[in-house]
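File shown here: coords_23.txt, holding compact mmCIF, C-alpha atoms.
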# COMPACT_ATOMS: atom_id res chain seq x y z
CA MET J 17 0.00 0.00 0.00
CA GLU J 18 1.29 3.44 -0.94
CA LYS J 19 1.93 5.97 1.82
CA VAL J 20 -0.79 8.39 0.69
CA GLU J 21 -3.35 5.59 0.62
CA ARG J 22 -2.22 4.45 4.08
CA LEU J 23 -2.57 7.98 5.49
CA ILE J 24 -6.11 8.29 4.10
CA SER J 25 -6.96 4.89 5.59
CA ILE J 26 -5.63 5.97 8.99
CA ILE J 27 -7.85 9.06 8.95
CA MET J 28 -10.90 6.98 7.95
CA ILE J 29 -10.24 4.51 10.78
CA LEU J 30 -9.77 7.22 13.39
CA LEU J 31 -13.02 8.89 12.30
CA LYS J 32 -14.85 5.75 13.41
CA LYS J 33 -12.82 4.67 16.45
CA ASP J 34 -11.88 6.50 19.62
CA VAL J 35 -8.31 5.28 20.10
CA VAL J 36 -6.23 2.90 17.97
CA SER J 37 -2.85 1.62 19.14
CA THR J 38 0.34 1.79 17.14
CA THR J 39 0.49 -2.02 17.20
CA GLU J 40 -3.01 -2.30 15.67
CA PHE J 41 -2.10 0.08 12.85
CA ALA J 42 1.21 -1.70 12.21
CA GLN J 43 -0.50 -5.09 11.97
CA LEU J 44 -3.32 -3.77 9.79
CA PHE J 45 -1.00 -2.19 7.22
CA ASP J 46 1.85 -4.70 7.62
CA VAL J 47 4.43 -2.03 8.41
CA SER J 48 6.69 -1.26 11.38
CA LYS J 49 5.62 0.78 14.41
CA ARG J 50 8.23 3.37 13.45
CA THR J 51 6.47 3.83 10.09
CA ILE J 52 3.16 4.44 11.89
CA LEU J 53 4.83 7.03 14.16
CA ARG J 54 6.13 8.85 11.07
CA ASP J 55 2.64 8.68 9.53
CA MET J 56 1.16 10.33 12.63
CA GLU J 57 3.76 13.10 12.45
CA THR J 58 2.89 13.65 8.78
CA LEU J 59 -0.83 13.91 9.57
CA SER J 60 -0.20 16.36 12.41
CA LEU J 61 1.94 18.56 10.16
CA SER J 62 -0.96 18.49 7.65
CA ASN J 63 -3.26 20.07 10.29
CA ILE J 64 -5.16 16.86 10.95
CA PRO J 65 -6.00 17.06 14.71
CA ILE J 66 -4.34 13.82 15.79
CA TYR J 67 -3.64 13.36 19.51
CA ALA J 68 -1.72 10.68 21.43
CA VAL J 69 -3.04 8.73 24.44
CA ASN J 70 -0.46 7.28 26.84
CA GLY J 71 -0.80 4.16 28.95
CA VAL J 72 -1.66 0.50 28.52
CA ASN J 73 -4.75 1.27 26.43
CA GLY J 74 -3.05 4.14 24.66
CA GLY J 75 -2.68 4.93 21.00
CA TYR J 76 -3.87 7.66 18.68
CA GLY J 77 -7.19 9.42 18.24
CA ILE J 78 -8.67 12.29 16.28
CA MET J 79 -10.48 15.31 17.77
CA ASP J 80 -14.26 14.87 18.11
CA GLU J 81 -14.93 18.22 16.44
CA TYR J 82 -13.16 16.95 13.33
CA LYS J 83 -15.26 13.78 13.39
CA VAL J 84 -18.51 15.73 13.49
CA ASP J 85 -17.46 17.85 10.52
CA LYS J 86 -16.02 15.11 8.35
CA ARG J 87 -17.93 11.92 9.04
CA LEU J 88 -20.47 11.42 6.24
CA LEU J 89 -21.52 7.81 6.78
CA SER J 90 -23.11 6.20 9.83
CA SER J 91 -22.18 2.76 11.14
CA SER J 92 -25.33 1.41 9.54
CA ASP J 93 -24.36 2.93 6.19
CA LEU J 94 -20.92 1.35 6.37
CA GLU J 95 -22.29 -2.05 7.35
CA ASN J 96 -24.72 -1.96 4.40
CA ILE J 97 -21.90 -1.10 2.00
CA LEU J 98 -19.74 -3.85 3.49
CA THR J 99 -22.55 -6.40 3.08
CA ALA J 100 -23.04 -5.48 -0.58
CA LEU J 101 -19.33 -5.51 -1.39
CA GLY J 102 -18.85 -8.79 0.46
CA GLY J 103 -21.35 -10.47 -1.84
CA LEU J 104 -20.20 -8.79 -5.03
CA GLU J 105 -16.58 -9.71 -4.34
CA GLN J 106 -17.38 -13.21 -5.63
CA ILE J 107 -18.44 -11.71 -8.96
CA LEU J 108 -15.97 -8.87 -9.41
CA ILE J 109 -12.82 -10.90 -8.80
CA SER J 110 -10.90 -7.71 -8.13
CA GLU J 111 -8.00 -6.95 -5.81
CA GLU J 112 -9.30 -3.39 -5.54
CA VAL J 113 -12.60 -4.64 -4.13
CA GLU J 114 -10.70 -6.69 -1.55
CA VAL J 115 -8.73 -3.62 -0.47
CA THR J 116 -11.93 -1.55 -0.25
CA ILE J 117 -13.57 -4.19 1.93
CA LYS J 118 -10.59 -4.21 4.30
CA LYS J 119 -10.77 -0.41 4.61
CA ILE J 120 -14.47 -0.41 5.44
CA GLU J 121 -14.06 -3.32 7.87
CA ALA J 122 -11.49 -1.22 9.71
CA MET J 123 -14.00 1.65 9.93
CA VAL J 124 -16.87 -0.42 11.30
CA SER J 125 -17.02 -0.72 15.05
CA PRO J 126 -15.98 -4.18 16.30
CA LEU J 127 -19.08 -4.10 18.55
CA ALA J 128 -21.43 -3.69 15.60
CA SER J 129 -23.68 -6.62 14.75
CA LYS J 130 -22.49 -8.59 11.75
CA GLY J 131 -23.96 -11.24 9.54
CA SER J 132 -27.58 -10.04 9.49
CA ILE J 133 -27.47 -10.18 5.69
CA GLN J 134 -25.33 -12.42 3.52
CA LEU J 135 -25.09 -12.39 -0.28
CA SER J 136 -23.91 -15.49 -2.12
CA PHE J 137 -23.24 -16.11 -5.79
CA TYR J 138 -22.01 -19.16 -7.63
CA ASP J 139 -18.24 -19.33 -7.34
CA TRP J 140 -17.74 -20.73 -10.83
CA GLU J 141 -14.22 -21.67 -11.85
CA GLY J 142 -14.71 -20.16 -15.32
CA ARG J 143 -14.96 -16.66 -13.86
CA SER J 144 -11.33 -16.75 -12.78
CA GLU J 145 -10.36 -17.56 -16.39
CA ILE J 146 -11.84 -14.30 -17.68
CA LEU J 147 -10.18 -12.23 -14.95
CA GLN J 148 -7.46 -10.96 -17.28
CA THR J 149 -10.01 -10.10 -19.96
CA LEU J 150 -11.98 -8.17 -17.35
CA LYS J 151 -8.91 -6.25 -16.17
CA THR J 152 -7.76 -5.47 -19.71
CA CYS J 153 -11.18 -4.13 -20.67
CA GLN J 154 -11.32 -1.98 -17.54
CA GLU J 155 -7.86 -0.59 -18.24
CA ALA J 156 -8.87 0.29 -21.80
CA ILE J 157 -12.10 1.97 -20.65
CA LEU J 158 -10.26 4.18 -18.15
CA ALA J 159 -7.52 5.08 -20.66
CA ARG J 160 -10.00 5.52 -23.55
CA ARG J 161 -7.99 3.24 -25.77
CA PHE J 162 -9.25 1.05 -28.59
CA ILE J 163 -9.27 -2.70 -28.10
CA SER J 164 -9.21 -5.41 -30.75
CA PHE J 165 -10.16 -9.05 -30.39
CA ASP J 166 -11.58 -12.11 -32.10
CA TYR J 167 -15.25 -12.56 -31.29
CA ILE J 168 -16.99 -15.93 -31.48
CA ASP J 169 -20.76 -15.66 -31.94
CA LYS J 170 -23.31 -18.23 -30.75
CA ASN J 171 -23.01 -20.10 -34.06
CA GLY J 172 -19.23 -20.42 -33.80
CA MET J 173 -18.43 -17.77 -36.43
CA VAL J 174 -15.26 -15.77 -35.68
CA THR J 175 -14.86 -12.12 -36.63
CA ASN J 176 -12.14 -9.65 -35.74
CA ARG J 177 -13.43 -6.53 -33.99
CA THR J 178 -12.02 -3.15 -33.07
CA VAL J 179 -14.07 -1.50 -30.36
CA GLU J 180 -14.33 1.71 -28.36
CA PRO J 181 -14.96 0.21 -24.88
CA TYR J 182 -17.38 2.08 -22.63
CA GLN J 183 -18.76 -0.17 -19.90
CA LEU J 184 -18.44 -3.58 -18.26
CA HIS J 185 -21.79 -5.08 -17.36
CA PHE J 186 -22.65 -8.10 -15.20
CA SER J 187 -26.06 -9.67 -15.86
CA GLU J 188 -27.39 -12.71 -13.97
CA THR J 189 -24.47 -15.10 -14.58
CA SER J 190 -22.19 -13.46 -17.16
CA TRP J 191 -19.90 -10.50 -17.82
CA TYR J 192 -20.42 -8.32 -20.90
CA LEU J 193 -18.53 -5.46 -22.57
CA LYS J 194 -20.52 -2.60 -24.06
CA GLY J 195 -18.89 -0.43 -26.70
CA PHE J 196 -18.96 1.02 -30.20
CA CYS J 197 -17.88 -1.54 -32.80
CA LEU J 198 -15.99 -0.06 -35.76
CA HIS J 199 -16.70 -3.24 -37.72
CA ARG J 200 -20.50 -2.92 -37.40
CA LYS J 201 -20.53 0.89 -37.05
CA ARG J 202 -22.93 0.55 -34.13
CA TYR J 203 -22.99 0.06 -30.37
CA ARG J 204 -22.67 -3.60 -29.51
CA THR J 205 -22.59 -5.81 -26.42
CA PHE J 206 -19.97 -8.57 -26.29
CA LYS J 207 -19.96 -11.52 -23.93
CA LEU J 208 -16.53 -11.75 -22.31
CA SER J 209 -16.42 -15.54 -22.49
CA ARG J 210 -16.64 -15.26 -26.32
CA ILE J 211 -13.71 -12.84 -26.60
CA ASP J 212 -10.31 -14.24 -27.62
CA HIS J 213 -6.89 -12.72 -28.41
CA LEU J 214 -7.75 -9.43 -26.70
CA HIS J 215 -5.31 -6.56 -27.32
CA ILE J 216 -5.22 -2.92 -26.20
CA ASP J 217 -4.22 -0.52 -28.98
CA GLU J 218 -1.95 2.45 -28.38
CA LYS J 219 -4.42 4.69 -30.18
CA THR J 220 -6.98 6.55 -28.06
CA PHE J 221 -10.49 7.69 -29.00
CA ASN J 222 -12.80 10.60 -28.20
CA PRO J 223 -15.86 9.20 -26.39
CA ARG J 224 -19.19 9.33 -28.19
CA ASP J 225 -22.45 10.29 -26.49
CA TYR J 226 -22.71 6.86 -24.91
CA LEU J 227 -25.11 7.91 -22.12
CA SER J 228 -27.75 9.00 -24.65
CA GLU J 229 -27.38 5.66 -26.41
CA GLN J 230 -27.80 3.89 -23.07
CA LYS J 231 -31.08 5.71 -22.45
CA LEU J 232 -32.36 4.58 -25.84
CA GLU J 233 -31.25 1.03 -25.11
CA ALA J 234 -32.93 1.10 -21.70
CA SER J 235 -36.21 2.23 -23.29
CA TYR J 236 -36.08 -0.67 -25.75
CA GLN J 237 -37.80 -3.85 -24.61
CA PRO J 238 -37.66 -7.14 -26.52
CA GLU J 239 -41.02 -8.42 -27.76
CA LEU J 240 -42.52 -10.61 -25.08
CA VAL J 241 -45.42 -13.04 -25.24
CA ALA J 242 -47.93 -13.58 -22.43
CA VAL J 243 -47.71 -17.29 -21.60
CA LYS J 244 -49.93 -19.29 -19.26
CA ALA J 245 -48.35 -22.36 -17.69
CA LEU J 246 -49.32 -24.94 -15.10
CA ILE J 247 -46.60 -25.24 -12.49
CA SER J 248 -46.00 -27.51 -9.52
CA PRO J 249 -45.65 -26.11 -5.97
CA SER J 250 -41.93 -26.99 -5.99
CA ILE J 251 -41.11 -24.17 -8.45
CA LYS J 252 -43.66 -21.62 -7.28
CA ASP J 253 -40.99 -19.59 -5.48
CA HIS J 254 -39.00 -19.16 -8.73
CA PHE J 255 -41.96 -17.47 -10.39
CA ILE J 256 -42.75 -15.33 -7.35
CA GLU J 257 -39.17 -14.02 -7.31
CA ARG J 258 -39.13 -13.22 -11.03
CA TYR J 259 -42.72 -12.19 -11.76
CA GLY J 260 -44.32 -11.47 -8.38
CA ARG J 261 -47.15 -13.12 -6.49
CA LYS J 262 -49.78 -11.54 -8.73
CA SER J 263 -48.58 -13.77 -11.58
CA ILE J 264 -49.76 -16.94 -9.83
CA GLU J 265 -53.26 -18.17 -9.06
CA ASP J 266 -54.70 -21.39 -7.71
CA TYR J 267 -55.63 -23.99 -10.32
CA SER J 268 -56.07 -27.31 -8.50
CA SER J 269 -54.96 -29.03 -5.31
CA GLU J 270 -51.69 -29.99 -7.02
CA LEU J 271 -51.01 -27.17 -9.51
CA PHE J 272 -50.85 -23.39 -9.87
CA LEU J 273 -51.55 -21.35 -12.99
CA ALA J 274 -48.77 -18.86 -13.78
CA THR J 275 -49.08 -15.98 -16.25
CA ILE J 276 -45.65 -14.81 -17.33
CA TYR J 277 -44.01 -12.83 -20.14
CA VAL J 278 -41.19 -14.46 -22.10
CA PRO J 279 -39.69 -14.05 -25.60
CA GLN J 280 -40.87 -16.50 -28.25
CA ASN J 281 -37.38 -17.62 -29.20
CA SER J 282 -34.60 -19.92 -27.97
CA ILE J 283 -33.92 -17.70 -24.94
CA GLY J 284 -37.50 -18.07 -23.73
CA PHE J 285 -37.57 -21.78 -24.59
CA GLN J 286 -34.35 -22.44 -22.67
CA PHE J 287 -35.72 -20.68 -19.60
CA LEU J 288 -38.96 -22.67 -19.60
CA ALA J 289 -37.23 -25.97 -20.38
CA SER J 290 -35.06 -25.53 -17.28
CA PHE J 291 -38.09 -26.37 -15.12
CA GLY J 292 -38.46 -29.81 -16.70
CA THR J 293 -41.63 -31.72 -15.88
CA ASN J 294 -42.63 -29.20 -13.21
CA LEU J 295 -44.08 -26.92 -15.91
CA GLU J 296 -46.61 -27.32 -18.74
CA ILE J 297 -47.42 -24.46 -21.14
CA VAL J 298 -51.12 -24.28 -21.99
CA GLU J 299 -51.50 -20.94 -23.83
CA PRO J 300 -51.10 -19.55 -26.43
CA LYS J 301 -51.24 -22.51 -28.79
CA THR J 302 -48.65 -20.99 -31.16
CA TYR J 303 -46.15 -20.83 -28.29
CA VAL J 304 -46.98 -24.41 -27.28
CA GLU J 305 -46.25 -25.58 -30.84
CA ASP J 306 -42.96 -23.68 -31.13
CA PHE J 307 -41.87 -24.90 -27.69
CA ARG J 308 -42.74 -28.50 -28.65
CA ASP J 309 -40.60 -28.18 -31.81
CA TYR J 310 -37.71 -26.90 -29.67
CA LEU J 311 -38.02 -29.87 -27.31
CA ASN J 312 -38.27 -32.35 -30.20
CA LYS J 313 -35.00 -31.04 -31.60
CA MET J 314 -33.43 -31.66 -28.21
CA ILE J 315 -34.76 -35.21 -28.15
CA GLU J 316 -33.39 -35.88 -31.64
CA LYS J 317 -29.91 -35.27 -30.26
CA TYR J 318 -30.28 -38.37 -28.07
CA SER J 319 -32.41 -40.61 -30.30

Kindly present the structure from the file in structure tokens form.
Amino acid sequence: MEKVERLISIIMILLKKDVVSTTEFAQLFDVSKRTILRDMETLSLSNIPIYAVNGVNGGYGIMDEYKVDKRLLSSSDLENILTALGGLEQILISEEVEVTIKKIEAMVSPLASKGSIQLSFYDWEGRSEILQTLKTCQEAILARRFISFDYIDKNGMVTNRTVEPYQLHFSETSWYLKGFCLHRKRYRTFKLSRIDHLHIDEKTFNPRDYLSEQKLEASYQPELVAVKALISPSIKDHFIERYGRKSIEDYSSELFLATIYVPQNSIGFQFLASFGTNLEIVEPKTYVEDFRDYLNKMIEKYS
């Protein structure tokens, strides 16, 4: 950790705690006690109201008046941020996130209740394989540099792309890169797991009005079809979480009737097929027929 970053961290910790010993600081930052003493001298010379407390329970503190003026987040705020970051750490796979979590942990009172909320995501091995792709894309976004790569579409076709990268996006289970593709002359979204031979160019670009494009994209909704399906009680919770309780009504002693909105394409078919025999589509008939054709093609693979 750089000295400036360590000094900022010391201030943040002292804003939340009354007195912190030299030993605690030294262990936290993995430096010597002498280094911490020099840090305190630096902060004092910078007009930060640091004071020393002698004795067995001694250490360093910061004047209460300074705390009142500078503290912007309550303990509850910090705990909420820590909870969110703790869950997202499994997705982000970032050393920076780990450092941020350690900083906030140091700011939260050790007496504060912990563990009231826990977020968990699948810790898939494949995510670690795209870590370098993720870091490279982030570096290019911050530096506003073009990137080039081979992109493999869902049919296995490979095309070389040069892209102005604007945003990394995580959706449900996958990472995506959003940017302007010079090959297509349009904004495009690329799945990171389909990117190969990624390279950052030396050439930089002037950003386009990406935010306006994002608003247009957000206003666009894919065409969805209202589908009625009979579902078993074992998957009722899945539909409540995704579509709300109003989407489900009683049908019989053993089944519920769910009204949901899904695309009439392979994406919608894959979603519905994931429930296996716990779901039966009943309306509309055109969707039933298309879904049956999709399932028959699956069966042909094993016949």

Computed gap from atom CA of J:Leu23 to atom CA of J:Asn73 is 22.1 Å

re atom CA of J:Gln183 and atom CA of J:Arg210: distance 16.5 Å

key: Sel. within 7 Å of pt (-19.6, 5.2, -25.7), counting all atoms listed in the file, output as number ranges by chain   = J: 180-182, 195-196, 223-226

Atom pair atom CA of J:Leu61 + atom CA of J:Glu40, distance 22.1 Å

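In terms of minimum interatomic distance to J:Ile283, J:Leu240 ranks closest within J:Asp266, J:Ile297, J:Lys32, J:Leu240, counting all atoms listed in the file.
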
*Residue contacts of J:Tyr192 (9 Å, all atoms listed in the file) excluding same-chain residues fewer than 3 positions away, as a ChimeraX atom specification*: /J:183-187,205-209

Q: May I have the residues within 12 Å of J:Arg308 as a PyMOL selection string, using only C-alpha atoms and disregarding those fewer than 4 positions away in the same chain?
A: chain J and resi 282+285-286+288-289+296-298+301-304+312-315

For a cutoff of 12 Å around the file-coordinate point (-2.6, -7.9, -30.5), which residues qualify once you count all atoms listed in the file? I'd like the result as a PDB file with C-alpha atoms, keeping the file's coordinate frame.
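New file selection.pdb:
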ATOM      1  CA  PHE J 162      -9.250   1.050 -28.590  1.00  0.00           C
ATOM      2  CA  ILE J 163      -9.270  -2.700 -28.100  1.00  0.00           C
ATOM      3  CA  SER J 164      -9.210  -5.410 -30.750  1.00  0.00           C
ATOM      4  CA  PHE J 165     -10.160  -9.050 -30.390  1.00  0.00           C
ATOM      5  CA  ASP J 166     -11.580 -12.110 -32.100  1.00  0.00           C
ATOM      6  CA  ASN J 176     -12.140  -9.650 -35.740  1.00  0.00           C
ATOM      7  CA  ARG J 177     -13.430  -6.530 -33.990  1.00  0.00           C
ATOM      8  CA  THR J 178     -12.020  -3.150 -33.070  1.00  0.00           C
ATOM      9  CA  ASP J 212     -10.310 -14.240 -27.620  1.00  0.00           C
ATOM     10  CA  HIS J 213      -6.890 -12.720 -28.410  1.00  0.00           C
ATOM     11  CA  LEU J 214      -7.750  -9.430 -26.700  1.00  0.00           C
ATOM     12  CA  HIS J 215      -5.310  -6.560 -27.320  1.00  0.00           C
ATOM     13  CA  ILE J 216      -5.220  -2.920 -26.200  1.00  0.00           C
ATOM     14  CA  ASP J 217      -4.220  -0.520 -28.980  1.00  0.00           C
ATOM     15  CA  GLU J 218      -1.950   2.450 -28.380  1.00  0.00           C
TER      16      GLU J 218
END

Closest of J:Ser268, J:Gln148, J:Ile66, J:Thr189 to J:Ile211, counting all atoms listed in the file, is J:Gln148

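Using all atoms listed in the file for every distance, the candidate list J:Gly172, J:Gln280, J:Ile26, J:Thr293 yields J:Gln280 as the residue closest to J:Glu305.
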
Worksheet item: Near J:Lys49, within 9 Å and counting only C-alpha atoms, which residues show up once chain neighbours fewer than 6 positions away are dropped, as JSON, numbers by chain?
Response: {"J": [38, 39, 41, 42, 43]}

I'd like the neighbourhood of J:Leu295 as a PyMOL selection string, where a residue qualifies if any of its atoms comes within 10 Å (using all atoms listed in the file), though same-chain residues fewer than 5 positions away should be ignored. chain J and resi 245-248+251+271-274+288-290

Kindly save the residues from that selection, with C-alpha atoms included, as a short mmCIF file (atom, residue, chain, number, x, y, z; two decimals), in the coordinates of the input.
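So the final result, stored in selection.cif, reads:
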data_model
loop_
_atom_site.label_atom_id
_atom_site.label_comp_id
_atom_site.auth_asym_id
_atom_site.auth_seq_id
_atom_site.Cartn_x
_atom_site.Cartn_y
_atom_site.Cartn_z
CA ALA J 245 -48.35 -22.36 -17.69
CA LEU J 246 -49.32 -24.94 -15.10
CA ILE J 247 -46.60 -25.24 -12.49
CA SER J 248 -46.00 -27.51 -9.52
CA ILE J 251 -41.11 -24.17 -8.45
CA LEU J 271 -51.01 -27.17 -9.51
CA PHE J 272 -50.85 -23.39 -9.87
CA LEU J 273 -51.55 -21.35 -12.99
CA ALA J 274 -48.77 -18.86 -13.78
CA LEU J 288 -38.96 -22.67 -19.60
CA ALA J 289 -37.23 -25.97 -20.38
CA SER J 290 -35.06 -25.53 -17.28
#
